[in-house]
Amino acid sequence: MIAVTDKVVGANAGRSRGHNRQVVLGCIRRAARIGRADIARASGLSTQAVSNIIADLMDDGLIVQQGHRAVSRGVPVVQYSLNAVGGFAAGIEIRPDAVFGGLLNFCGEPVAERRKQVVTKDRDGVVKAVRDMHAALLDRSGCDVDRVLGLGVVMPGPFGCTGIQSGASELPIWDDTPPEVWLSDMLGRPLLVENDANAAAIAERVSGAAQGLDTYAFLYFGSGLGLGVVQDGRLMAGAFGNAGEIGTLQVPAGGKLVMLEDVVSRRSLGEALQSAGLEKQDVDALAKLYRTGEPTLHAWLDRTVEPLSAAISILENLFDPQTIILGGAMPDNILDHLVQTVRLTERSVSNRRMRSVPRLTRGASGRMTATLGAAALVLNHAFTPKITPQPQEL
């Protein structure tokens with residue numbers, strides 16, 4: 001049974017049928033198995049409203065009956081669960097030199113993954129890459145196209161003309177037209193577009209380390225360093241969709257102020273290794289270098305402690321998250337090392353007793369986290385109401 005403190009309020013007065021569906025689906029997802037009366041108590045919807053929505057969701061194939069729960073008196077209560085094959089979400093990640101694709105089932109489990117090296121230096125190249133990858137995902141999975149709930153696309157930020165362009169990981173195709181507008185127009189279909197760090201943050205909520213959490217921060221290791229902040233289950237986007245460009249944050253390192261991603265990122269690690277005569281390393285190779293104690297890698301890790309600790313302190317006191325998660329295109333052993341060596345300051349709003357989760361932890365979604373996050377955007381939209389609940393009287 002969902003506790004009252006987990007309540008997401010429905011709208012009995014007909015404010016939004018879609019909103020109420022999202023509330024009910026969210027209740028079922030959080031509980032895994034739940035009955036109608038428990039959904040009504042958790043959501044604030046009437047039992048009749050819940051029954052009507054349950055019937056619609058059953059007709060749509062999005063939920064299934066999942067046994068019964070015995071009660072002290074009367075007939076055992078029917079339980080409902082999500083139908084894993086009732087719907088699918090497609091996600092595509094665009095990088096300057098590659099495109100990645102992933103398909104999730106309705107429970108957030110990966111069904112298909114693909115990668116392809118391709119040049120995506122202009123809008124025509126991006127559109128063709130998205131079309132081809134979407135078709136390849138459906139072909140590989142054998143998924144019925146009518147069961148695909150939507151498409152999410154992620155790209156490196158920032159979006160639009162800003163003062164921090166010309167990063168090594170950016171796509172040089174931005175102007176003041178939002179990417180979701182021109183991409184949707186050129187593809188002829190609606191879709192969700194996000195930067196890679198935000199998508200990765202949502203991937204952790206749907207099927208990773210942030211399951212059961214509503215407010216957290218996710219530090220994403222791509223080529224640079226990105227940040228996704230989730231507040232009450234929704235991404236904090238900023239006025240122009242560029243909130244979270246933490247890589248440009250000025251932090252102390254070795255007696256001077258430096259840009260964070262110049263000292264804490266895949267790019268900065270790659271530069272350190274290349275200066276020592278080591279070739280560019282993929283995630284598996286980096287994991288091996290860590291295990292074998294490669295001196296240049298461990299020296300880089302030592303240099304990250306001061307700047308990363310400062311960044312973590314800033315994030316805690318700015319956003320008061322339930323936790324901060326490290327993840328992305330870094331091996332687990334290096335991420336674990338970073339989590340263990342960061343100096344968590346006592347002067348933080350996050351330094352409190354009775355915590356249910358650690359202040360800092362490693363993500364669970366792995367190197368495909370932004371790709372799967374693109375698909376997770378679609379699922380999160382299905383489970384997360386957009387109407388802000390009104391305060392309840394005590």
# chains A, B, ... in the order shown; residues from 1 in each chain; ligands from 1
$ residues_around --residues "segment 27-33 of chain A" --least-positions-apart "2" --cutoff "7 Å" --atoms "only C-alpha atoms" --output "list in words"
Met1, Ile2, Val23, Val24, Leu25, Ile39, Gln66, Gln79, Tyr80, Ser81 and Leu82 of chain A
$ residues_around --residues "Val50 of chain A" --least-positions-apart "2" --cutoff "9 Å" --atoms "only C-alpha atoms" --output "list of chain:residue names"
A:Asn20, A:Arg21, A:Val24, A:Arg36, A:Ala37, A:Ile39, A:Ala40, A:Leu45, A:Ser46, A:Thr47, A:Gln48, A:Asn52, A:Ile53, A:Ile54, A:Ala55
$ select_by_dssp --residues "segment 15-224 of chain A" --states "helix (DSSP H, G or I)" --output "ChimeraX atom specification"
/A:17-31,36-43,47-59,123-141,145-147,179-187,196-207
$ residues_around --residues "Pro321 of chain A" --least-positions-apart "5" --cutoff "7 Å" --atoms "only C-alpha atoms" --output "list of chain:residue names"
A:Thr215, A:Tyr216, A:Ala217, A:Glu316
$ write_last_selection --atoms "C-alpha atoms" --output "short mmCIF file (atom, residue, chain, number, x, y, z; two decimals), in the first residue's frame"
data_model
loop_
_atom_site.label_atom_id
_atom_site.label_comp_id
_atom_site.auth_asym_id
_atom_site.auth_seq_id
_atom_site.Cartn_x
_atom_site.Cartn_y
_atom_site.Cartn_z
CA THR A 215 14.00 15.35 -6.15
CA TYR A 216 17.65 14.69 -6.95
CA ALA A 217 20.62 15.85 -9.03
CA GLU A 316 23.59 20.37 -2.20
#
$ select_by_dssp --residues "segment 185-288 of chain A" --states "strand (DSSP E or B)" --output "JSON, numbers by chain"
{"A": [192, 193, 194, 195, 216, 217, 218, 219, 220, 221, 225, 226, 227, 228, 229, 230, 231, 234, 235, 250, 251, 252, 253, 256, 257, 258, 259]}
$ write_last_selection --atoms "N, CA and C atoms" --output "tab-separated table (two decimals), in the first residue's frame"
chain	number	residue	atom	x	y	z
A	192	LEU	N	9.84	14.35	-28.03
A	192	LEU	CA	10.43	15.03	-26.89
A	192	LEU	C	11.92	15.18	-27.13
A	193	VAL	N	12.45	16.37	-26.91
A	193	VAL	CA	13.87	16.64	-27.12
A	193	VAL	C	14.46	17.19	-25.83
A	194	GLU	N	15.62	16.66	-25.44
A	194	GLU	CA	16.30	17.11	-24.24
A	194	GLU	C	17.80	17.05	-24.44
A	195	ASN	N	18.54	17.74	-23.55
A	195	ASN	CA	19.98	17.54	-23.58
A	195	ASN	C	20.32	16.22	-22.89
A	216	TYR	N	16.26	15.10	-7.00
A	216	TYR	CA	17.65	14.69	-6.95
A	216	TYR	C	18.43	15.38	-8.07
A	217	ALA	N	19.75	15.29	-8.00
A	217	ALA	CA	20.62	15.85	-9.03
A	217	ALA	C	21.47	14.72	-9.63
A	218	PHE	N	21.71	14.82	-10.92
A	218	PHE	CA	22.48	13.79	-11.62
A	218	PHE	C	23.64	14.45	-12.36
A	219	LEU	N	24.87	14.10	-11.97
A	219	LEU	CA	26.06	14.60	-12.66
A	219	LEU	C	26.42	13.61	-13.76
A	220	TYR	N	26.39	14.09	-15.00
A	220	TYR	CA	26.52	13.21	-16.16
A	220	TYR	C	27.88	13.37	-16.83
A	221	PHE	N	28.63	12.26	-16.89
A	221	PHE	CA	29.90	12.24	-17.59
A	221	PHE	C	29.66	11.87	-19.05
A	225	LEU	N	30.94	17.59	-18.85
A	225	LEU	CA	30.23	17.26	-17.62
A	225	LEU	C	28.91	18.03	-17.60
A	226	GLY	N	27.81	17.30	-17.48
A	226	GLY	CA	26.49	17.92	-17.49
A	226	GLY	C	25.77	17.66	-16.18
A	227	LEU	N	24.63	18.33	-16.02
A	227	LEU	CA	23.84	18.19	-14.80
A	227	LEU	C	22.37	18.15	-15.14
A	228	GLY	N	21.66	17.17	-14.59
A	228	GLY	CA	20.22	17.13	-14.67
A	228	GLY	C	19.65	17.24	-13.26
A	229	VAL	N	18.73	18.18	-13.06
A	229	VAL	CA	18.09	18.36	-11.75
A	229	VAL	C	16.62	18.02	-11.87
A	230	VAL	N	16.15	17.10	-11.06
A	230	VAL	CA	14.76	16.68	-11.07
A	230	VAL	C	14.09	17.17	-9.78
A	231	GLN	N	13.00	17.91	-9.92
A	231	GLN	CA	12.26	18.45	-8.80
A	231	GLN	C	10.83	17.95	-8.88
A	234	ARG	N	9.89	16.19	-12.07
A	234	ARG	CA	9.97	16.91	-13.33
A	234	ARG	C	11.33	17.57	-13.47
A	235	LEU	N	11.83	17.64	-14.70
A	235	LEU	CA	13.12	18.25	-14.94
A	235	LEU	C	13.06	19.75	-14.72
A	250	GLN	N	33.01	27.68	-12.18
A	250	GLN	CA	34.37	27.94	-11.72
A	250	GLN	C	34.56	27.37	-10.32
A	251	VAL	N	35.55	26.49	-10.17
A	251	VAL	CA	35.80	25.82	-8.90
A	251	VAL	C	37.29	25.86	-8.57
A	252	PRO	N	37.66	25.72	-7.30
A	252	PRO	CA	39.08	25.72	-6.94
A	252	PRO	C	39.76	24.41	-7.29
A	253	ALA	N	40.99	24.51	-7.76
A	253	ALA	CA	41.80	23.32	-8.06
A	253	ALA	C	43.27	23.72	-8.06
A	256	LYS	N	44.01	27.64	-7.76
A	256	LYS	CA	43.44	28.59	-8.71
A	256	LYS	C	42.02	28.16	-9.07
A	257	LEU	N	41.29	29.07	-9.69
A	257	LEU	CA	39.94	28.75	-10.15
A	257	LEU	C	40.00	28.21	-11.57
A	258	VAL	N	39.30	27.12	-11.82
A	258	VAL	CA	39.29	26.50	-13.14
A	258	VAL	C	37.85	26.17	-13.52
A	259	MET	N	37.60	25.91	-14.80
A	259	MET	CA	36.29	25.45	-15.23
A	259	MET	C	36.16	23.97	-14.89
$ closest_residue --among "A:Ile334, A:Ile324, A:Val126, A:Ala239" --to "Val153 of chain A" --atoms "only C-alpha atoms"
A:Val126
$ closest_residue --among "A:Asp38, A:Ala129, A:Val154, A:Leu379" --to "Gly87 of chain A" --atoms "only C-alpha atoms"
A:Leu379
$ closest_residue --among "A:Ser268, A:Asn317, A:Thr323, A:Ser275" --to "Leu301 of chain A" --atoms "only C-alpha atoms"
A:Ser268
$ atom_distance --atom1 "atom CA of Glu294 of chain A" --atom2 "atom CA of Gly270 of chain A"
13.3 Å
$ residues_around --residues "Val206 of chain A" --least-positions-apart "5" --cutoff "10 Å" --atoms "only C-alpha atoms" --output "PyMOL selection string"
chain A and resi 29+107-109+201+211-213+365+372-373+375-377+379-380+383
$ atom_distance --atom1 "atom CA of Ala237 of chain A" --atom2 "atom CA of Ala199 of chain A"
11.4 Å
$ closest_residue --among "A:Asp232, A:Val118, A:Gln340, A:Ala200" --to "Pro385 of chain A" --atoms "only C-alpha atoms"
A:Asp232
$ closest_residue --among "A:Arg147, A:Arg123, A:Arg115, A:Arg352" --to "Val85 of chain A" --atoms "only C-alpha atoms"
A:Arg147
$ atom_distance --atom1 "atom CA of Ile94 of chain A" --atom2 "atom CA of Met186 of chain A"
15.7 Å
$ closest_residue --among "A:Asn351, A:Gln281, A:Ser265, A:Thr384" --to "Gly224 of chain A" --atoms "only C-alpha atoms"
A:Ser265
$ residues_around --residues "Arg114 of chain A" --least-positions-apart "6" --cutoff "7 Å" --atoms "only C-alpha atoms" --output "list in words"
Phe100, Gly101 and Gly102 of chain A
$ write_last_selection --atoms "N, CA and C atoms" --output "PDB file, in the first residue's frame"
ATOM      1  N   PHE A 100      23.038   6.679 -31.244  1.00  0.00           N
ATOM      2  CA  PHE A 100      22.728   5.543 -30.383  1.00  0.00           C
ATOM      3  C   PHE A 100      21.211   5.449 -30.249  1.00  0.00           C
ATOM      4  N   GLY A 101      20.700   4.236 -30.188  1.00  0.00           N
ATOM      5  CA  GLY A 101      19.264   4.047 -30.062  1.00  0.00           C
ATOM      6  C   GLY A 101      18.923   3.016 -29.005  1.00  0.00           C
ATOM      7  N   GLY A 102      17.782   3.210 -28.346  1.00  0.00           N
ATOM      8  CA  GLY A 102      17.326   2.260 -27.343  1.00  0.00           C
ATOM      9  C   GLY A 102      15.810   2.196 -27.322  1.00  0.00           C
TER      10      GLY A 102
END
$ residues_around --residues "Pro190 of chain A" --least-positions-apart "4" --cutoff "9 Å" --atoms "only C-alpha atoms" --output "VMD selection string"
chain A and resid 150 to 151 180 to 181 183 to 185
$ residues_around --residues "Leu104 of chain A" --least-positions-apart "5" --cutoff "6 Å" --atoms "only C-alpha atoms" --output "VMD selection string"
chain A and resid 88 to 89 109 to 111
